[in-house]
Each structure stands twice: as structure tokens, then as C-alpha cells.
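Take a look at the structure below.
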Amino acid sequence: MSATTKIAVQSLADLKNTTDDALPNYLTSIKFQRSHRLIDVRLALGYTAVILAGGLFYFDWKHGWEASKPYTGPAVAVYFALNAAFSYWMWMVEKGSIFEGERTTGKVGILSTSKKYDPTYYLTVTFTDPSGKTDTRDISAPFSRWFTSDGYFVAKPFQQWLASNVPGIGAADPQNIVEEIGRGSAAEETGGVSVEDMLRVAGVTGVAGATGAKTKAGGSGRKRKG
Amino acid sequence: MLSLSPRQLATQVLNFALVLSTAFMLWKGLSIASNSPSPIVVVLSGSMEPAFARGDLLFLWNRGLDTQIGEVVVYNVKGKDIPIVHRVVRRFGGGSTPLRLLTKGDNNAADDTELYARGQDFLNRKEDVIGSVVGFVPFVGYVTILLSEYPWLKQAMLGLMGVMVVLQRE
């Protein structure tokens, strides 16, 4: 679903949300049974508070202040207690959890974060195998690894990144394991060459091969300094 | 975000509902603390100038019912639902008998007997008055005057809030 939507690559929230949405799709596709326990508890707490406030609002509107006064104090206290529990659950228990799931090979829990002005996706993946041994690892990758420059999500590199860096996921999806061969850094280096450099290289090479080679060397040296 | 799962949709709706319900519950908490059904009121008329002008936001306190002459009180007249902000100029009774008050707007020529309900010459402190003014913020209440004078602004604001909360997903 998100894979077909175009997003604004300048928006870190869009990048993160789209990736957050894509991750459960991938993990359920490799037979992880998703558990919604965390969000369900949060929704239950939140909606209980909202229903309580709605009830008080209705009672107050129907019967007036004098009649609702004895209930207002306790209702306000309970409401803010629920609200506190809601916040506690969200910030202290969920902590940005985007996936909880189980499979025959073990249980996985994933938290995602991103930092302001930093287009990097940070994941904390906790994998618990059936014997109860947990393996927690923090992994991160630039969003550009699975977003095209015009804002489309590409599933394959994302899945490969997950499968290659988290053994628990890799075991469930061995076909997506790829070895790190420095492809990312090579791509960055090409990206660093300016258009002017390329044009000059092309132009000079067109006139005389020998001089062209010299210019090329000089060009890349300048780039390294920068 | 057009493709939301039911849980994501429920979360977005909840966020919006929590904003509204928290505002309402804060208001109710303040009501309980100040023992006043309406702890914050906006001045709607110029009858208390130069003390209070149209649009001033007043904070009320309704504990300690022994109101003195010179205090500014907010009262409701039976049968009318607009609260009036005026100064106490006379008091009668008190102690074992119910305290009764006569009020007058600083900017008005006459006292409020004309404003009271038919056959009523005084305010009953306990029944009619919803609080004494203990603090004010000038002018900020003008927003609510605009909102009540142009009701479509209210709907537009509520709609805008709803759209923003639903669309934004930080």
C-alpha cells in the first residue's frame, strides 16, 4: 500500500511513517504473526478516558452544574489518571514500538526512531528465540537506501537491509540476505562528483586522451579534499 | 495518508478526541477548584469601564461566600443565560440570614434593580452569584466574542482543527 504512494523526500515524518508502515507488511509476509497488544492497550486507555469525559459532558449538559457537581471531581481525577497511564504507556512501554510479532523461530519486537535533521532510520530490534535467549541490536541506515530520489519506497533494499542485519529476520527470509560489499559508499562517491567535473573530463578527453587523464586525476583529488 | 489501517485511524481519531476532552476536563477541574460553574468568563459589555472592557478575560473564585462591598461579582439572572459582571454596592443580611447583594455597573447611571428578574430587588449571594473576580487578562477574550458573533467561525475552526489532527502524523 505505502509502496505505491509518492512521498515528499524532504519530510522526515513521511519517510519514517512510510517505512514504519512497510516494516510490518514485510515481517507478516515472512510469517511473523503480528501482535497488537501494545497499541490495543493504548487505545483502550485513551478511549476509556474520552468516553468518561463525554459522559460527564452529556450529564452536565442534560442536568446542569448543581446535579453533576458531586460526580465532576471524581470524574476529573479519574480522567487525568487515565491520561497519565496513557502517556506512561506510550512513552515508557511502547517507546516507539512499530512491530511485535511471533513466529516458530522466535519473537521479535521493533522500536523505530529518527532524529531531527538526520535522514537516518534507527531501529532497535529485540529477538527472543524459543529458548528465551534475547538478542537486542541497534541498526540504522539512511532512508535513501530504500527511497528513490523522487519519493517512492522500494521494498527490496529495505528487506535486504533487515534480513542481513538481524539474524532472527534473516533466518526467516534467507533469500534476502546480502553481503555488505560497500555498494552504498561507492554510490556516494559517484554522487560526489560534480557535473562540472564530469563535463570537463568528457570535454578534455574528447580533445586529447593524455591531458584528459591528467585532468581526471586532478578532479578526483580535489573532490577528496572537499 | 489515505491508506490507514483501522488501528491507525482509531489512533488519529483518539488524538483529536483527547485534545477536546482534555480541554473540557481542565475546565471542569477548574470549576471544581473554584467551586464555580463557569470559572472563566469574558466581559461582553462596557458597563464596567474603565475597570473592565469588552473582551477582557476574568477569573472567578466562588469559595468564601462573604462577599464585601466593592468586590466585582459575576451573576446570572434567573431566566436569562448571560452572566453579568458588576460591582457590589450594598449588602444586606449575612450570618444566619442569607447574604443579599445589590450590584451596579461602574459605567452605568443606575443600579441593577432593572436588570434583575421580575419582582427581584437583590441578588442572593449563594444562588445567583457564580463567583468574585480575582484576576483578569485584558482583551484575549475577544476571540470568543468574535466566535459567538460569527458562529460560522466556530465551525470553521473546529473543522480546521479536525483536519489538521487527522492529516498530521508526527
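Quick note on naming: the chains in the C-alpha cells go A, B, ... in the order shown, residues restart at 1 in each chain, and ligands are numbered from 1 in order of appearance.
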
Would you give me, as JSON lines, each residue of stretch 19-71 of chain B having an atom within 12 Å of an atom of stretch 78-96 of chain A, along with its shortest atom pair and that distance in Å to one decimal, using only C-alpha atoms and sorting by chain and residue number?
```
{"residue": "B:Val19", "atom": "CA", "partner": "A:Asn83", "partner_atom": "CA", "distance": 11.1}
{"residue": "B:Ser21", "atom": "CA", "partner": "A:Tyr79", "partner_atom": "CA", "distance": 9.1}
{"residue": "B:Thr22", "atom": "CA", "partner": "A:Phe80", "partner_atom": "CA", "distance": 8.3}
{"residue": "B:Ala23", "atom": "CA", "partner": "A:Phe80", "partner_atom": "CA", "distance": 11.4}
{"residue": "B:Phe24", "atom": "CA", "partner": "A:Tyr79", "partner_atom": "CA", "distance": 10.7}
{"residue": "B:Met25", "atom": "CA", "partner": "A:Tyr79", "partner_atom": "CA", "distance": 7.5}
{"residue": "B:Leu26", "atom": "CA", "partner": "A:Phe80", "partner_atom": "CA", "distance": 9.1}
{"residue": "B:Lys28", "atom": "CA", "partner": "A:Tyr79", "partner_atom": "CA", "distance": 10.9}
{"residue": "B:Gly29", "atom": "CA", "partner": "A:Phe80", "partner_atom": "CA", "distance": 9.9}
```

Can you check which residues of chain B have any atom within 12 Å of chain A? Use only C-alpha atoms and format it as number ranges by chain. B: 1-38, 127, 130, 167-170

> Suppose you want the space between atom CA of B:Gly64 and atom CA of A:Trp61; what is it in Å?
Replying inline: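 Atom CA of A:Trp61 lies at a distance of 26.6 Å from atom CA of B:Gly64.
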
Within 8 Å of A:Asp129, counting only C-alpha atoms, which residues show up once you throw out same-chain ones fewer than 4 positions away? Write them as a list in words, please.
->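 Near A:Asp129, the qualifying residues are Thr105, Gly106, Lys107, Lys133 and Thr134 of chain A.
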
Using only C-alpha atoms, which residues sit within 12 Å of stretch 165-168 of chain A once same-chain residues fewer than 6 positions away are excluded, as a ChimeraX atom specification? /A:27,30,32,101-110,123-130,133-141,158-159,174,176-180

Keeping only C-alpha atoms, write those residues as a PDB file, in the first residue's frame.
```pdb
ATOM      1  CA  LEU A  27       7.503  -9.217   8.519  1.00  0.00           C
ATOM      2  CA  ILE A  30       7.592 -13.882   6.100  1.00  0.00           C
ATOM      3  CA  PHE A  32       5.560 -13.372  11.623  1.00  0.00           C
ATOM      4  CA  GLY A 101       5.307 -10.460  16.393  1.00  0.00           C
ATOM      5  CA  GLU A 102       5.890 -14.133  16.808  1.00  0.00           C
ATOM      6  CA  ARG A 103       6.999 -16.946  14.584  1.00  0.00           C
ATOM      7  CA  THR A 104       8.038 -20.545  15.089  1.00  0.00           C
ATOM      8  CA  THR A 105      11.660 -19.385  15.228  1.00  0.00           C
ATOM      9  CA  GLY A 106      11.095 -16.780  17.926  1.00  0.00           C
ATOM     10  CA  LYS A 107       9.592 -13.482  18.967  1.00  0.00           C
ATOM     11  CA  VAL A 108      10.549 -10.082  17.624  1.00  0.00           C
ATOM     12  CA  GLY A 109       9.935  -6.556  18.926  1.00  0.00           C
ATOM     13  CA  ILE A 110      10.980  -3.483  16.973  1.00  0.00           C
ATOM     14  CA  LEU A 123      15.801   0.544  14.746  1.00  0.00           C
ATOM     15  CA  THR A 124      16.143  -1.357  17.967  1.00  0.00           C
ATOM     16  CA  VAL A 125      15.341  -4.973  17.261  1.00  0.00           C
ATOM     17  CA  THR A 126      14.881  -7.446  20.087  1.00  0.00           C
ATOM     18  CA  PHE A 127      14.728 -11.058  19.051  1.00  0.00           C
ATOM     19  CA  THR A 128      13.840 -13.768  21.524  1.00  0.00           C
ATOM     20  CA  ASP A 129      14.347 -17.333  20.423  1.00  0.00           C
ATOM     21  CA  PRO A 130      12.130 -20.150  21.767  1.00  0.00           C
ATOM     22  CA  LYS A 133      17.586 -16.096  24.772  1.00  0.00           C
ATOM     23  CA  THR A 134      17.245 -12.476  23.734  1.00  0.00           C
ATOM     24  CA  ASP A 135      19.349 -10.667  21.224  1.00  0.00           C
ATOM     25  CA  THR A 136      18.961  -6.891  21.060  1.00  0.00           C
ATOM     26  CA  ARG A 137      20.668  -4.894  18.389  1.00  0.00           C
ATOM     27  CA  ASP A 138      20.541  -1.293  17.213  1.00  0.00           C
ATOM     28  CA  ILE A 139      20.746  -0.897  13.489  1.00  0.00           C
ATOM     29  CA  SER A 140      20.476   2.172  11.322  1.00  0.00           C
ATOM     30  CA  ALA A 141      20.540   3.079   7.659  1.00  0.00           C
ATOM     31  CA  PHE A 158      14.725  -2.417   2.727  1.00  0.00           C
ATOM     32  CA  GLN A 159      14.022  -6.107   3.152  1.00  0.00           C
ATOM     33  CA  PRO A 174      17.402 -16.249   3.893  1.00  0.00           C
ATOM     34  CA  ASN A 176      17.144 -11.530   1.223  1.00  0.00           C
ATOM     35  CA  ILE A 177      20.488 -11.793   2.979  1.00  0.00           C
ATOM     36  CA  VAL A 178      23.127  -9.885   1.060  1.00  0.00           C
ATOM     37  CA  GLU A 179      26.722  -9.367   1.970  1.00  0.00           C
ATOM     38  CA  GLU A 180      27.921  -5.855   2.587  1.00  0.00           C
TER      39      GLU A 180
END
```

Of B:Thr103, B:Gln155, B:Ser96, B:Asn108, the one sitting nearest B:Phe122 when using only C-alpha atoms is B:Thr103

request  = Fewer than 6 positions away in the same chain doesn't count, so skip those; otherwise give me all residues within 7 Å of B:Val134, counting only C-alpha atoms, as a PyMOL selection string.
outcome  = chain B and resi 59-61

Saved selection, atoms kept: C-alpha atoms, as a compact mmCIF listing (two decimals), in the first residue's frame:
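File part-v7.txt, as written:
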```
# COMPACT_ATOMS: atom_id res chain seq x y z
CA PHE B 59 -11.03 34.52 36.53
CA LEU B 60 -13.62 33.77 39.18
CA TRP B 61 -13.43 32.29 42.65
```

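Between atom CA of B:Val140 and atom CA of B:Thr67 the separation is 27.1 Å.
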
Using only C-alpha atoms, which residues sit within 12 Å of B:Thr97 once same-chain residues fewer than 6 positions away are excluded, as a PDB file with N, CA, C and O atoms, in the first residue's frame?
```pdb
ATOM      1  N   ASP B  66     -18.627  35.272  51.818  1.00  0.00           N
ATOM      2  CA  ASP B  66     -18.905  36.535  52.496  1.00  0.00           C
ATOM      3  C   ASP B  66     -18.412  37.702  51.641  1.00  0.00           C
ATOM      4  O   ASP B  66     -17.396  38.329  51.919  1.00  0.00           O
ATOM      5  N   ARG B  91     -24.771  45.518  50.721  1.00  0.00           N
ATOM      6  CA  ARG B  91     -25.029  44.149  51.153  1.00  0.00           C
ATOM      7  C   ARG B  91     -25.967  44.144  52.356  1.00  0.00           C
ATOM      8  O   ARG B  91     -25.920  45.043  53.194  1.00  0.00           O
ATOM      9  N   ASN B 124     -29.303  36.991  45.561  1.00  0.00           N
ATOM     10  CA  ASN B 124     -28.990  36.067  46.637  1.00  0.00           C
ATOM     11  C   ASN B 124     -27.575  35.564  46.396  1.00  0.00           C
ATOM     12  O   ASN B 124     -27.294  34.939  45.369  1.00  0.00           O
ATOM     13  N   ARG B 125     -26.658  35.855  47.322  1.00  0.00           N
ATOM     14  CA  ARG B 125     -25.245  35.535  47.118  1.00  0.00           C
ATOM     15  C   ARG B 125     -25.034  34.077  46.745  1.00  0.00           C
ATOM     16  O   ARG B 125     -24.256  33.744  45.857  1.00  0.00           O
ATOM     17  N   LYS B 126     -25.745  33.211  47.451  1.00  0.00           N
ATOM     18  CA  LYS B 126     -25.500  31.787  47.268  1.00  0.00           C
ATOM     19  C   LYS B 126     -26.091  31.251  45.967  1.00  0.00           C
ATOM     20  O   LYS B 126     -25.502  30.402  45.292  1.00  0.00           O
TER      21      LYS B 126
END
```

| task | For A:Leu15, list every protein, DNA or RNA residue within 10 Å, evaluated using only C-alpha atoms, and leave out those in the same chain fewer than 2 positions away; present the list as a VMD selection string. | result | chain A and resid 7 to 13 17 to 20 114 119 to 121 143 to 144 146 to 147 151 to 153

Using only C-alpha atoms, the best pick from B:Asn76, B:Gln68, B:Asn107, B:Gln120 as closest to B:Ala53 would be B:Asn107

Checklist entry - Taking the backbone alone, and naming residues the way the document does, which bits of stretch 97-195 of chain A are strand (DSSP E) by DSSP, as a PyMOL selection string? => result chain A and resi 97-103+106-115+118-128+134-142

Atom pair atom CA of A:Glu100 + atom CA of A:Leu38, distance 8.3 Å
